[in-house]
file entry_20.cif (mmCIF, C-alpha atoms and all ligand atoms)
data_start
#
loop_
_atom_site.label_atom_id
_atom_site.label_comp_id
_atom_site.auth_asym_id
_atom_site.auth_seq_id
_atom_site.Cartn_x
_atom_site.Cartn_y
_atom_site.Cartn_z
CA MET A 1181 -12.70 229.70 59.42
CA ALA A 1182 -10.44 227.03 60.89
CA GLN A 1183 -7.08 228.39 62.00
CA ASP A 1184 -4.60 225.53 61.72
CA PHE A 1185 -1.97 227.35 63.79
CA LEU A 1186 -4.25 228.03 66.72
CA LYS A 1187 -4.51 225.88 69.85
CA GLN A 1188 -7.08 228.12 71.51
CA VAL A 1189 -8.28 231.69 71.76
CA LEU A 1190 -7.22 233.09 75.13
CA TYR A 1191 -8.90 236.50 74.91
CA THR A 1192 -11.33 237.67 72.27
CA ASN A 1193 -11.12 241.13 70.80
CA GLU A 1194 -14.16 242.13 72.81
CA GLN A 1195 -12.52 241.01 76.07
CA ILE A 1196 -9.33 242.90 75.20
CA VAL A 1197 -11.21 246.09 74.33
CA ASN A 1198 -13.27 245.86 77.53
CA ARG A 1199 -10.13 245.39 79.62
CA CYS A 1200 -8.41 248.31 77.86
CA GLU A 1201 -11.41 250.44 78.77
CA GLU A 1202 -10.92 249.52 82.45
CA LEU A 1203 -7.17 250.13 82.29
CA GLY A 1204 -7.74 253.46 80.55
CA SER A 1205 -10.15 254.70 83.18
CA GLU A 1206 -7.78 253.59 85.95
CA LEU A 1207 -4.94 255.51 84.32
CA SER A 1208 -7.17 258.54 83.79
CA LYS A 1209 -7.78 258.66 87.54
CA ILE A 1210 -4.10 258.21 88.44
CA TYR A 1211 -3.00 260.92 85.99
CA GLU A 1212 -5.77 263.43 86.57
CA ASP A 1213 -4.30 266.95 86.15
CA LYS A 1214 -1.07 265.48 84.76
CA ASN A 1215 0.12 265.16 81.19
CA PRO A 1216 1.67 261.69 81.04
CA LEU A 1217 3.94 260.52 78.26
CA ILE A 1218 2.98 257.02 77.19
CA ILE A 1219 5.87 255.08 75.75
CA GLY A 1220 5.29 252.05 73.57
CA LEU A 1221 8.08 249.55 73.03
CA LEU A 1222 8.07 248.57 69.37
CA LYS A 1223 6.72 246.57 67.80
CA GLY A 1224 4.49 244.36 69.92
CA SER A 1225 2.93 247.13 72.01
CA VAL A 1226 1.42 249.03 69.07
CA PRO A 1227 -2.10 247.49 69.00
CA PHE A 1228 -2.35 247.61 72.80
CA LEU A 1229 -1.20 251.21 73.01
CA ALA A 1230 -3.56 252.19 70.19
CA GLU A 1231 -6.53 250.61 71.96
CA LEU A 1232 -5.57 251.80 75.43
CA ILE A 1233 -5.24 255.50 74.62
CA LYS A 1234 -8.78 255.60 73.20
CA HIS A 1235 -9.94 255.11 76.80
CA ILE A 1236 -7.68 257.68 78.45
CA THR A 1237 -9.49 260.93 79.11
CA VAL A 1238 -6.63 263.15 80.38
CA ASP A 1239 -4.20 265.09 78.18
CA MET A 1240 -1.34 262.83 77.20
CA GLU A 1241 1.40 262.32 74.63
CA ILE A 1242 2.82 259.21 73.02
CA ASP A 1243 6.28 258.22 71.88
CA PHE A 1244 7.97 255.00 70.85
CA MET A 1245 11.21 253.25 71.54
CA ASP A 1246 12.61 250.12 69.95
CA VAL A 1247 14.92 248.01 72.04
CA SER A 1248 16.26 244.63 71.15
CA SER A 1249 17.81 242.02 73.32
CA TYR A 1250 20.50 239.91 71.80
CA GLY A 1251 19.96 236.36 72.92
CA ASP A 1252 18.83 233.13 71.38
CA GLY A 1253 15.82 234.68 69.69
CA THR A 1254 13.06 233.20 71.82
CA THR A 1255 13.99 234.51 75.25
CA SER A 1256 15.47 237.86 76.11
CA SER A 1257 19.03 237.83 77.38
CA GLY A 1258 18.97 241.01 79.39
CA ASN A 1259 21.49 242.65 77.09
CA VAL A 1260 19.29 245.38 75.71
CA LYS A 1261 20.29 247.61 72.81
CA ILE A 1262 18.40 250.77 71.82
CA VAL A 1263 17.46 250.41 68.16
CA LYS A 1264 15.24 253.50 68.04
CA ASP A 1265 15.29 256.09 70.77
CA LEU A 1266 12.52 258.43 71.92
CA ASP A 1267 11.88 261.76 70.18
CA ILE A 1268 10.50 263.46 73.29
CA SER A 1269 12.61 264.23 76.37
CA VAL A 1270 11.52 262.33 79.48
CA THR A 1271 13.11 264.76 81.94
CA GLY A 1272 10.57 265.75 84.57
CA ARG A 1273 7.80 263.79 82.83
CA ASP A 1274 5.38 261.26 84.25
CA ILE A 1275 5.94 258.19 82.13
CA ILE A 1276 3.68 255.25 81.45
CA ILE A 1277 5.41 252.36 79.69
CA ALA A 1278 2.83 250.37 77.73
CA GLU A 1279 3.96 246.81 77.09
CA ASP A 1280 2.18 244.00 75.30
CA ILE A 1281 3.77 241.30 77.46
CA ILE A 1282 6.17 240.92 80.34
CA ASP A 1283 8.00 237.65 80.24
CA THR A 1284 11.35 237.49 82.04
CA GLY A 1285 11.01 241.21 82.80
CA ARG A 1286 14.55 241.94 81.63
CA THR A 1287 13.56 244.35 78.84
CA LEU A 1288 11.30 246.32 81.11
CA LYS A 1289 13.79 246.53 83.96
CA VAL A 1290 16.45 247.99 81.69
CA VAL A 1291 14.06 250.47 80.04
CA LYS A 1292 12.54 251.61 83.34
CA GLU A 1293 15.98 252.21 84.85
CA LEU A 1294 17.08 254.08 81.73
CA LEU A 1295 14.08 256.42 81.89
CA LEU A 1296 14.62 257.12 85.58
CA ASN A 1297 18.31 257.78 84.94
CA ARG A 1298 17.28 260.26 82.26
CA GLY A 1299 15.34 262.21 84.86
CA ALA A 1300 11.75 261.03 84.47
CA ALA A 1301 9.63 262.28 87.37
CA SER A 1302 7.85 258.93 87.63
CA VAL A 1303 7.63 255.70 85.68
CA LYS A 1304 4.69 253.33 85.83
CA VAL A 1305 4.19 250.22 83.76
CA VAL A 1306 0.97 248.99 82.24
CA CYS A 1307 1.03 245.68 80.43
CA LEU A 1308 -1.65 243.79 78.61
CA LEU A 1309 -0.28 240.34 79.43
CA ASP A 1310 1.83 239.23 82.36
CA LYS A 1311 3.55 235.84 82.25
CA LYS A 1312 4.38 235.99 85.94
CA GLU A 1313 5.81 232.50 86.29
CA ARG A 1314 8.58 233.31 83.79
CA ARG A 1315 9.90 236.33 85.71
CA GLU A 1316 13.64 236.54 86.26
CA ALA A 1317 14.25 240.26 86.78
CA LEU A 1318 12.97 241.95 89.90
CA ILE A 1319 10.21 244.01 88.35
CA GLU A 1320 6.42 244.04 88.29
CA ALA A 1321 3.91 246.00 86.26
CA ASP A 1322 1.82 248.56 88.14
CA ILE A 1323 -1.27 247.69 86.15
CA VAL A 1324 -1.87 244.32 84.46
CA GLY A 1325 -4.48 243.49 81.85
CA PHE A 1326 -4.40 239.71 82.14
CA THR A 1327 -2.09 237.30 83.96
CA ILE A 1328 -1.45 234.38 81.62
CA PRO A 1329 0.05 230.89 81.87
CA ASN A 1330 3.39 230.03 80.31
CA GLU A 1331 2.11 229.39 76.78
CA PHE A 1332 3.26 230.70 73.41
CA VAL A 1333 0.84 233.54 72.78
CA ILE A 1334 0.24 235.36 69.51
CA GLY A 1335 -1.98 238.10 68.20
CA PHE A 1336 -2.87 241.68 69.13
CA GLY A 1337 0.75 242.67 68.50
CA LEU A 1338 2.41 239.47 69.64
CA ASP A 1339 4.31 237.56 67.01
CA TYR A 1340 5.97 234.33 66.16
CA ALA A 1341 8.81 235.08 63.69
CA GLN A 1342 7.11 238.46 62.97
CA LYS A 1343 3.84 236.75 62.00
CA TYR A 1344 0.37 236.90 63.61
CA ARG A 1345 0.68 240.43 65.04
CA ASN A 1346 -2.44 241.41 63.09
CA LEU A 1347 -4.79 238.91 64.74
CA PRO A 1348 -7.51 240.88 66.58
CA TYR A 1349 -7.52 238.37 69.46
CA ILE A 1350 -4.88 236.71 71.63
CA GLY A 1351 -4.39 233.03 71.01
CA VAL A 1352 -2.10 230.17 71.90
CA LEU A 1353 0.10 228.91 69.08
CA LYS A 1354 0.03 225.17 68.46
CA GLU A 1355 3.22 223.54 69.63
CA GLU A 1356 3.94 221.93 66.26
CA CYS A 1357 4.19 225.42 64.76
CA TYR A 1358 7.28 226.39 66.70
CA LYS A 1359 8.92 223.14 67.82
C1 LIG A 1401 8.79 241.23 73.53
C2 LIG A 1401 7.75 242.03 74.29
C3 LIG A 1401 8.54 242.68 75.38
C4 LIG A 1401 9.63 241.66 75.66
C5 LIG A 1401 9.26 240.87 76.87
O1 LIG A 1401 9.41 242.06 72.62
O2 LIG A 1401 7.13 242.98 73.46
O3 LIG A 1401 9.12 243.89 74.99
O4 LIG A 1401 9.70 240.78 74.53
O5 LIG A 1401 10.25 239.94 77.17
P1 LIG A 1401 11.08 239.96 78.53
O6 LIG A 1401 10.12 240.31 79.65
O7 LIG A 1401 11.58 238.54 78.63
O8 LIG A 1401 12.18 240.96 78.41
P2 LIG A 1401 10.36 241.54 71.45
O9 LIG A 1401 11.79 241.75 71.88
O10 LIG A 1401 9.97 240.14 71.06
O11 LIG A 1401 10.06 242.55 70.28
P3 LIG A 1401 8.68 242.89 69.54
O12 LIG A 1401 7.88 243.77 70.48
O13 LIG A 1401 9.11 243.62 68.31
O14 LIG A 1401 7.96 241.59 69.22
#
call {"tool": "encode", "arguments": {"input": "entry_20.cif", "output": "structure tokens"}}
result
Amino acid sequence: MAQDFLKQVLYTNEQIVNRCEELGSELSKIYEDKNPLIIGLLKGSVPFLAELIKHITVDMEIDFMDVSSYGDGTTSSGNVKIVKDLDISVTGRDIIIAEDIIDTGRTLKVVKELLLNRGAASVKVVCLLDKKERREALIEADIVGFTIPNEFVIGFGLDYAQKYRNLPYIGVLKEECYK
């Protein structure tokens, strides 16, 4: 079926699942004999986190946090507000933040610092997509699924105006759809 909003498919569902399998086995080695708490940042990280944990073989827990940055709507401003906080205490825990995408890195920097300030024993970051060339904050993911060019990506949790999160693949949105 023709998708009139789609410029190209960047990663098929099969490629994403295969990569999540690799990331999951890497994490399983790192956290052998530990009980990490995997934190998903709502809402974009949900499909990635759901796929990733299927491939993690060590005991683990999940929790979610919703943070929003108040800016112009398309880029994050670095002013991050907690909309929904965690249910589980992070004190003394080994944390894995699972992110769908790192763009400027501002959201992640604030959240990572917050978790460390709350007494997390360690914080690592795994992201599905890394838009490295857009980075403004001094932060990098520990484990990256795919490094992507500076294009407007949708699908597998990523939205444009809350739409397209349900696509099973990651695609590039046609410019005329958002300009
Ligand atoms: C997106 C994404 C990251 C953040 C990355 O979330 O899921 O959390 O932006 O941007 P940054 O690196 O420039 O800070 P968004 O705030 O759009 O919310 P969503 O997950 O609900 O789509």
call {"tool": "atom_distance", "arguments": {"input": "entry_20.cif", "atom1": "CA of Leu1217 in chain A", "atom2": "CA of Val1270 in chain A"}}
result
7.9 Å
call {"tool": "residues_around", "arguments": {"input": "entry_20.cif", "residues": "range 1190-1192 of chain A", "least_positions_apart": "3", "cutoff": "8 Å", "atoms": "only C-alpha atoms", "output": "list in words"}}
result
Gln1195, Ile1196, Pro1348, Tyr1349, Ile1350, Gly1351 and Val1352 of chain A
call {"tool": "residues_near_ligand", "arguments": {"input": "entry_20.cif", "ligand": "ligand LIG 1401 (chain A)", "cutoff": "8 Å", "atoms": "all atoms listed in the file", "output": "VMD selection string"}}
result
chain A and resid 1221 to 1225 1246 to 1249 1254 to 1258 1279 to 1288 1314 to 1315 1337 to 1339 1342
call {"tool": "closest_residue", "arguments": {"input": "entry_20.cif", "among": "A:Lys1359, A:Val1306, A:Ile1323, A:Ile1219", "to": "Asp1267 in chain A", "atoms": "all atoms listed in the file"}}
result
A:Ile1219
call {"tool": "atom_distance", "arguments": {"input": "entry_20.cif", "atom1": "CA of Gly1220 in chain A", "atom2": "CA of Leu1318 in chain A"}}
result
20.7 Å
call {"tool": "residues_around", "arguments": {"input": "entry_20.cif", "residues": "Gln1183 in chain A", "least_positions_apart": "6", "cutoff": "12 Å", "atoms": "all atoms listed in the file", "output": "number ranges by chain"}}
result
A: 1189, 1344, 1347, 1351-1354, 1357
call {"tool": "write_last_selection", "arguments": {"input": "entry_20.cif", "atoms": "C-alpha atoms", "output": "PDB file, keeping the file's coordinate frame"}}
result
ATOM      1  CA  VAL A1189      -8.280 231.690  71.760  1.00  0.00           C
ATOM      2  CA  TYR A1344       0.370 236.900  63.610  1.00  0.00           C
ATOM      3  CA  LEU A1347      -4.790 238.910  64.740  1.00  0.00           C
ATOM      4  CA  GLY A1351      -4.390 233.030  71.010  1.00  0.00           C
ATOM      5  CA  VAL A1352      -2.100 230.170  71.900  1.00  0.00           C
ATOM      6  CA  LEU A1353       0.100 228.910  69.080  1.00  0.00           C
ATOM      7  CA  LYS A1354       0.030 225.170  68.460  1.00  0.00           C
ATOM      8  CA  CYS A1357       4.190 225.420  64.760  1.00  0.00           C
TER       9      CYS A1357
END
